[in-house]
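Student: Starting off with a structure, shown below.
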Amino acid sequence: MLSRDQRRSNASNSAWGWFARLSLVVTCVAAPVVLTTTLSAETLREAMASAYQANPRLDAERARLRATDEEVPRAKSGYRPTIEGTAEIGRSRTESTPQTTGAGSTNPKGYEVSIRQSVFNGFQTTNAVAEAEAGVRVGRENLRFIENQTLLDAVTVYMDVVRDQQIVRIRESNVAVLSRELEAAETRRAAREVTKTDVAQARARRARAVSAADLAKSNLKVSRAQFERVVRHPPSQLSEPPLKNKFLPRSLSEALGVAEQESPNVGSALYREQAARHAVDRVWGELLPQVQLEASYSRSEDASRSIEQSNSAQVTGRVTVPFYQGGEVHARVRQAKHTHISRMQEIEQARSETQANVTAAWSRLMAARAQMRSDEVQVEAGRTALDGVREEEKVGQRTLLDLLDAEQEYLDAQVALASTRRDMVVAGYALLSAMGRLSAEYLSLTSTLYDPEGHYHESRQKWFGLSITHADGRKELVDAADEQNQPDDLAE
């Protein structure tokens with residue numbers, strides 16, 4: 001019969017062989033992960049560029065801006081003449097007693113062409129154009145805001161997938177380790193080296209690990225779906241971006257200074273105030289005299305039996321002086337002034353909100369950096385502690401429960417580190433978004449940038465035309481490509 005020391009020695013040798021096999025298994029599981037992530041992996045910048053090009057929310061805002069551009073030619077129509085033409089034809093019969101030369105039937109017909117040109121309208125057109133141009137600038141700032149949000153969404157979903165992929169690998173590796181430990185515990189239980197309680201603890205830890213791995217896989221599926229929603233294609237292999245972001249400011253004061261000048265929220269508030277100021281002047285112009293020229297030419301035939309044909313040309317100058325309109329215009333002037341005051345207050349509100357958002361984003365970034373350092377220390381310490389507990393468990397100085405606890409602490413540290421790395425990258429880009437610098441142009445994401453100036457200059461000079469220009473260059477009102485997006489009853 002073997003002595004207690006001999007059984008302990010045999011158990012130690014058996015445990016040592018088991019840990020050697022376990023190390024080989026973990027290495028084999030982890031090695032393919034490292035190799036596959038380096039092959040044709042999609043980078044964060046590529047995902048952001050894809051979202052910039054294909055995200056429907058961003059495309060919708062671009063179309064909304066192009067619609068806003070059309071407010072300028074609408075306002076400029078006040079500078080241009082109005083030309084109208086009318087034509088008429090009929091049949092007339094006149095009877096009289098006694099009979100006269102005018103009695104009988106006629107077929108009157110004729111036409112008239114008239115033109116009206118505003119000469120002075122109290123500067124209403126001038127201020128309407130300025131108001132519309134300020135509205136276009138508001139639309140551009142709104143587009144910048146949506147672009148910031150879309151790119152931040154792309155960063156968020158990208159890092160969510162990267163984090164969840166790492167957590168799945170960590171969880172699956174932990175399941176493999178605990179499966180080996182459960183197998184070893186059952187073997188040692190058969191040799192009466194451990195108790196039934198030890199086996200139950202190992203089995204419980206493995207069941208817990210399997211459940212956590214299933215949850216991690218479910219979270220990964222959700223993140224992949226969100227990635228496809230924002231980036232517009234399913235994720236494949238994603239490479240983890242570097243933690244150091246060269247676009248970040250060096251200090252909070254620098255970030256606040258940039259945000260004051262470049263934040264789309266502040267810019268939008270400034271241009272809304274300009275539009276409201278011009279709206280006051282535009283409504284005020286309705287109280288000023290109006291000067292208009294009118295010219296017309298008409299031709300009629302068979303208007304009566306005595307007149308076979310008549311031609312008429314007329315030029316008229318008209319001056320209209322508004323004296324009183326029931327107080328309606330005065331009320332709209334007061335209303336416009338109150339709106340202007342509201343827009344002025346919104347500027348201060350936008351500045352305060354931007355400063356608060358930048359400060360909060362900076363604080364989150366600093367906290368993520370500090371948490372990153374702490375998590376790295378915890379991972380390294382957890383690895384060292386786990387190695388020590390393994391060695392001590394081999395010689396009987398630690399129990400199986402001690403080993404399971406050490407592995408759980410190391411696992412938790414790895415998962416926390418993966419989450420913190422994600423939070424740190426997202427916090428950096430969130431700071432850029434709060435500053436107003438999370439744009440494809442500033443980050444040089446792609447050489448094909450959307451240019452809002454092109455459509456604006458094209459539309460503001462148009463005197464007529466019904467076709468529109470799409471973002472991809474199409475000019476038809478409805479293309480064949482659009483029919484697939486229509487309901488069936490409209491497409492038929």
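Chains: A, B, ... in order of the structure tokens. Residues: from 1 per chain. Ligands: from 1, in order shown.
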Using 10 Å as the limit and counting only C-alpha atoms, can you tabulate each residue of segment 95-194 of chain A that touches segment 237-248 of chain A, with its shortest atom-to-atom distance in Å and the two atoms involved, as a Markdown table?

Tutor:
| residue | atom | partner | partner_atom | distance |
| --- | --- | --- | --- | --- |
| A:Tyr158 | CA | A:Leu238 | CA | 7.9 |
| A:Met159 | CA | A:Glu240 | CA | 7.8 |
| A:Val161 | CA | A:Leu238 | CA | 8.0 |
| A:Val162 | CA | A:Leu238 | CA | 6.5 |
| A:Arg163 | CA | A:Glu240 | CA | 8.9 |
| A:Gln165 | CA | A:Leu238 | CA | 9.2 |
| A:Gln166 | CA | A:Glu240 | CA | 10.0 |

Student: Quick one: DSSP strand (DSSP E) residues in segment 53-166 of chain A, as a PyMOL selection string?

Tutor: chain A and resi 82-89+92-94+104-106+109-120

Student: Would you save the residues from that selection as a PDB file, in the first residue's frame, using C-alpha atoms?

Tutor:
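Listed below is the output, again.pdb:
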ATOM      1  CA  THR A  82     -43.947  86.994 -63.740  1.00  0.00           C
ATOM      2  CA  ILE A  83     -45.252  86.205 -67.232  1.00  0.00           C
ATOM      3  CA  GLU A  84     -48.738  84.897 -67.881  1.00  0.00           C
ATOM      4  CA  GLY A  85     -50.812  84.156 -70.942  1.00  0.00           C
ATOM      5  CA  THR A  86     -54.536  83.594 -71.328  1.00  0.00           C
ATOM      6  CA  ALA A  87     -56.655  82.513 -74.284  1.00  0.00           C
ATOM      7  CA  GLU A  88     -60.400  82.281 -74.728  1.00  0.00           C
ATOM      8  CA  ILE A  89     -62.893  81.207 -77.356  1.00  0.00           C
ATOM      9  CA  SER A  92     -72.380  84.472 -78.756  1.00  0.00           C
ATOM     10  CA  ARG A  93     -75.826  85.196 -80.211  1.00  0.00           C
ATOM     11  CA  THR A  94     -77.607  88.513 -79.877  1.00  0.00           C
ATOM     12  CA  GLY A 104     -76.765  87.800 -84.860  1.00  0.00           C
ATOM     13  CA  SER A 105     -74.172  85.192 -83.952  1.00  0.00           C
ATOM     14  CA  THR A 106     -70.441  85.685 -83.362  1.00  0.00           C
ATOM     15  CA  LYS A 109     -61.817  84.503 -79.470  1.00  0.00           C
ATOM     16  CA  GLY A 110     -58.640  86.126 -78.272  1.00  0.00           C
ATOM     17  CA  TYR A 111     -55.540  85.933 -76.148  1.00  0.00           C
ATOM     18  CA  GLU A 112     -53.545  88.111 -73.760  1.00  0.00           C
ATOM     19  CA  VAL A 113     -49.940  88.098 -72.594  1.00  0.00           C
ATOM     20  CA  SER A 114     -48.997  90.039 -69.462  1.00  0.00           C
ATOM     21  CA  ILE A 115     -45.759  90.601 -67.583  1.00  0.00           C
ATOM     22  CA  ARG A 116     -45.288  91.987 -64.087  1.00  0.00           C
ATOM     23  CA  GLN A 117     -42.015  93.110 -62.584  1.00  0.00           C
ATOM     24  CA  SER A 118     -41.495  94.241 -59.011  1.00  0.00           C
ATOM     25  CA  VAL A 119     -39.346  97.360 -58.858  1.00  0.00           C
ATOM     26  CA  PHE A 120     -39.398  97.908 -55.100  1.00  0.00           C
TER      27      PHE A 120
END

Student: Show which residues sit within 12 Å of Gly267 of chain A, as an MDAnalysis selection string. Count only C-alpha atoms, and ignore same-chain residues fewer than 2 positions away.

Tutor: chainID A and resid 134:145 259:265 269:274 346:348 350:351 354 435:436

Student: So which residues touch Glu186 of chain A within 9 Å, counting only C-alpha atoms, skipping near sequence neighbours fewer than 4 positions away, as JSON, numbers by chain?

Tutor: {"A": [181, 182, 190, 191, 194, 196, 198, 199]}

Student: Leaving out Val319 of chain A and any residue of its chain fewer than 6 positions from it, which residues lie within 8 Å of it when counting only C-alpha atoms, given as a PyMOL selection string?

Tutor: chain A and resi 289-292

Student: Using only C-alpha atoms for the distances, tell me which of A:Asp281, A:Glu193, A:Glu42, A:Glu183 is nearest to Gln124 of chain A.

Tutor: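 Among the listed residues, the smallest separation from Gln124 of chain A belongs to A:Asp281.
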
Student: From the DSSP assignment of the backbone, select every residue of segment 42-274 of chain A that is alpha helix (DSSP H), and format the answer as a count of residues only.

Tutor: 156

Student: Suppose you want the space between atom CA of Tyr429 of chain A and atom CA of Leu411 of chain A; what is it in Å?

Tutor: 28.0 Å

Student: Give me the residues within 12 Å of Glu453 of chain A as a CSV table (one decimal) with N, CA and C atoms, in the first residue's frame, counting only C-alpha atoms and dropping any in the same chain fewer than 3 places off.

Tutor:
chain,number,residue,atom,x,y,z
A,62,ARG,N,-28.6,64.5,-46.4
A,62,ARG,CA,-28.1,65.2,-47.6
A,62,ARG,C,-29.2,65.6,-48.5
A,65,LEU,N,-30.9,68.6,-47.1
A,65,LEU,CA,-30.2,69.8,-47.4
A,65,LEU,C,-30.4,70.3,-48.8
A,66,ARG,N,-30.4,69.4,-49.7
A,66,ARG,CA,-30.7,69.8,-51.1
A,66,ARG,C,-32.1,70.4,-51.3
A,69,ASP,N,-31.8,73.9,-50.1
A,69,ASP,CA,-31.1,74.7,-51.1
A,69,ASP,C,-32.1,75.4,-52.0
A,136,VAL,N,-29.8,77.7,-45.4
A,136,VAL,CA,-29.0,76.7,-46.0
A,136,VAL,C,-27.8,76.4,-45.1
A,137,ARG,N,-27.2,77.4,-44.5
A,137,ARG,CA,-26.1,77.2,-43.6
A,137,ARG,C,-26.5,76.4,-42.4
A,140,ARG,N,-26.6,72.9,-43.4
A,140,ARG,CA,-25.2,72.3,-43.5
A,140,ARG,C,-24.7,72.0,-42.2
A,449,LEU,N,-15.6,63.0,-51.2
A,449,LEU,CA,-16.4,63.6,-50.1
A,449,LEU,C,-17.7,64.3,-50.7
A,450,TYR,N,-18.7,64.3,-50.0
A,450,TYR,CA,-20.0,64.9,-50.4
A,450,TYR,C,-19.8,66.4,-50.4
A,456,TYR,N,-25.9,73.5,-54.4
A,456,TYR,CA,-26.4,74.8,-54.0
A,456,TYR,C,-26.1,75.8,-55.1
A,457,HIS,N,-25.0,75.9,-55.7
A,457,HIS,CA,-24.7,76.8,-56.7
A,457,HIS,C,-25.4,76.5,-58.0
A,458,GLU,N,-25.7,75.2,-58.2
A,458,GLU,CA,-26.5,74.8,-59.4
A,458,GLU,C,-27.9,75.3,-59.3
A,459,SER,N,-28.5,75.1,-58.1
A,459,SER,CA,-29.9,75.4,-57.9
A,459,SER,C,-30.2,76.9,-57.8
A,460,ARG,N,-29.3,77.7,-57.1
A,460,ARG,CA,-29.6,79.1,-56.9
A,460,ARG,C,-29.7,79.9,-58.1

Student: Quick one: distance from atom CA of Val266 of chain A to atom CA of Asp153 of chain A in Å, one decimal?

Tutor: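 These two atoms are separated by 21.2 Å.
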
Student: Find, counting only C-alpha atoms, the residue in A:Arg318, A:Lys394, A:Arg277, A:His455 that gets nearest to Ala295 of chain A.

Tutor: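 Between A:Arg318, A:Lys394, A:Arg277, A:His455, the residue approaching Ala295 of chain A most closely is A:Arg318.
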
Student: I'd like the contact shell of Ala413 of chain A - 10 Å cut-off, only C-alpha atoms, skipping same-chain residues fewer than 2 positions apart - returned as a ChimeraX atom specification.

Tutor: /A:374-383,407-411,415-419

Student: For a quick check of understanding, using only C-alpha atoms, which of A:Ser77, A:Thr195, A:Ser300, A:Thr339 has the smallest distance to Trp463 of chain A?

Tutor: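 Among the listed residues, A:Ser77 lies closest to Trp463 of chain A.
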
Student: Nearest residue to Leu178 of chain A out of A:Leu404, A:Met372, A:Ala200, A:Leu431, using only C-alpha atoms?

Tutor: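 So, comparing all the options, the nearest one is A:Leu404.
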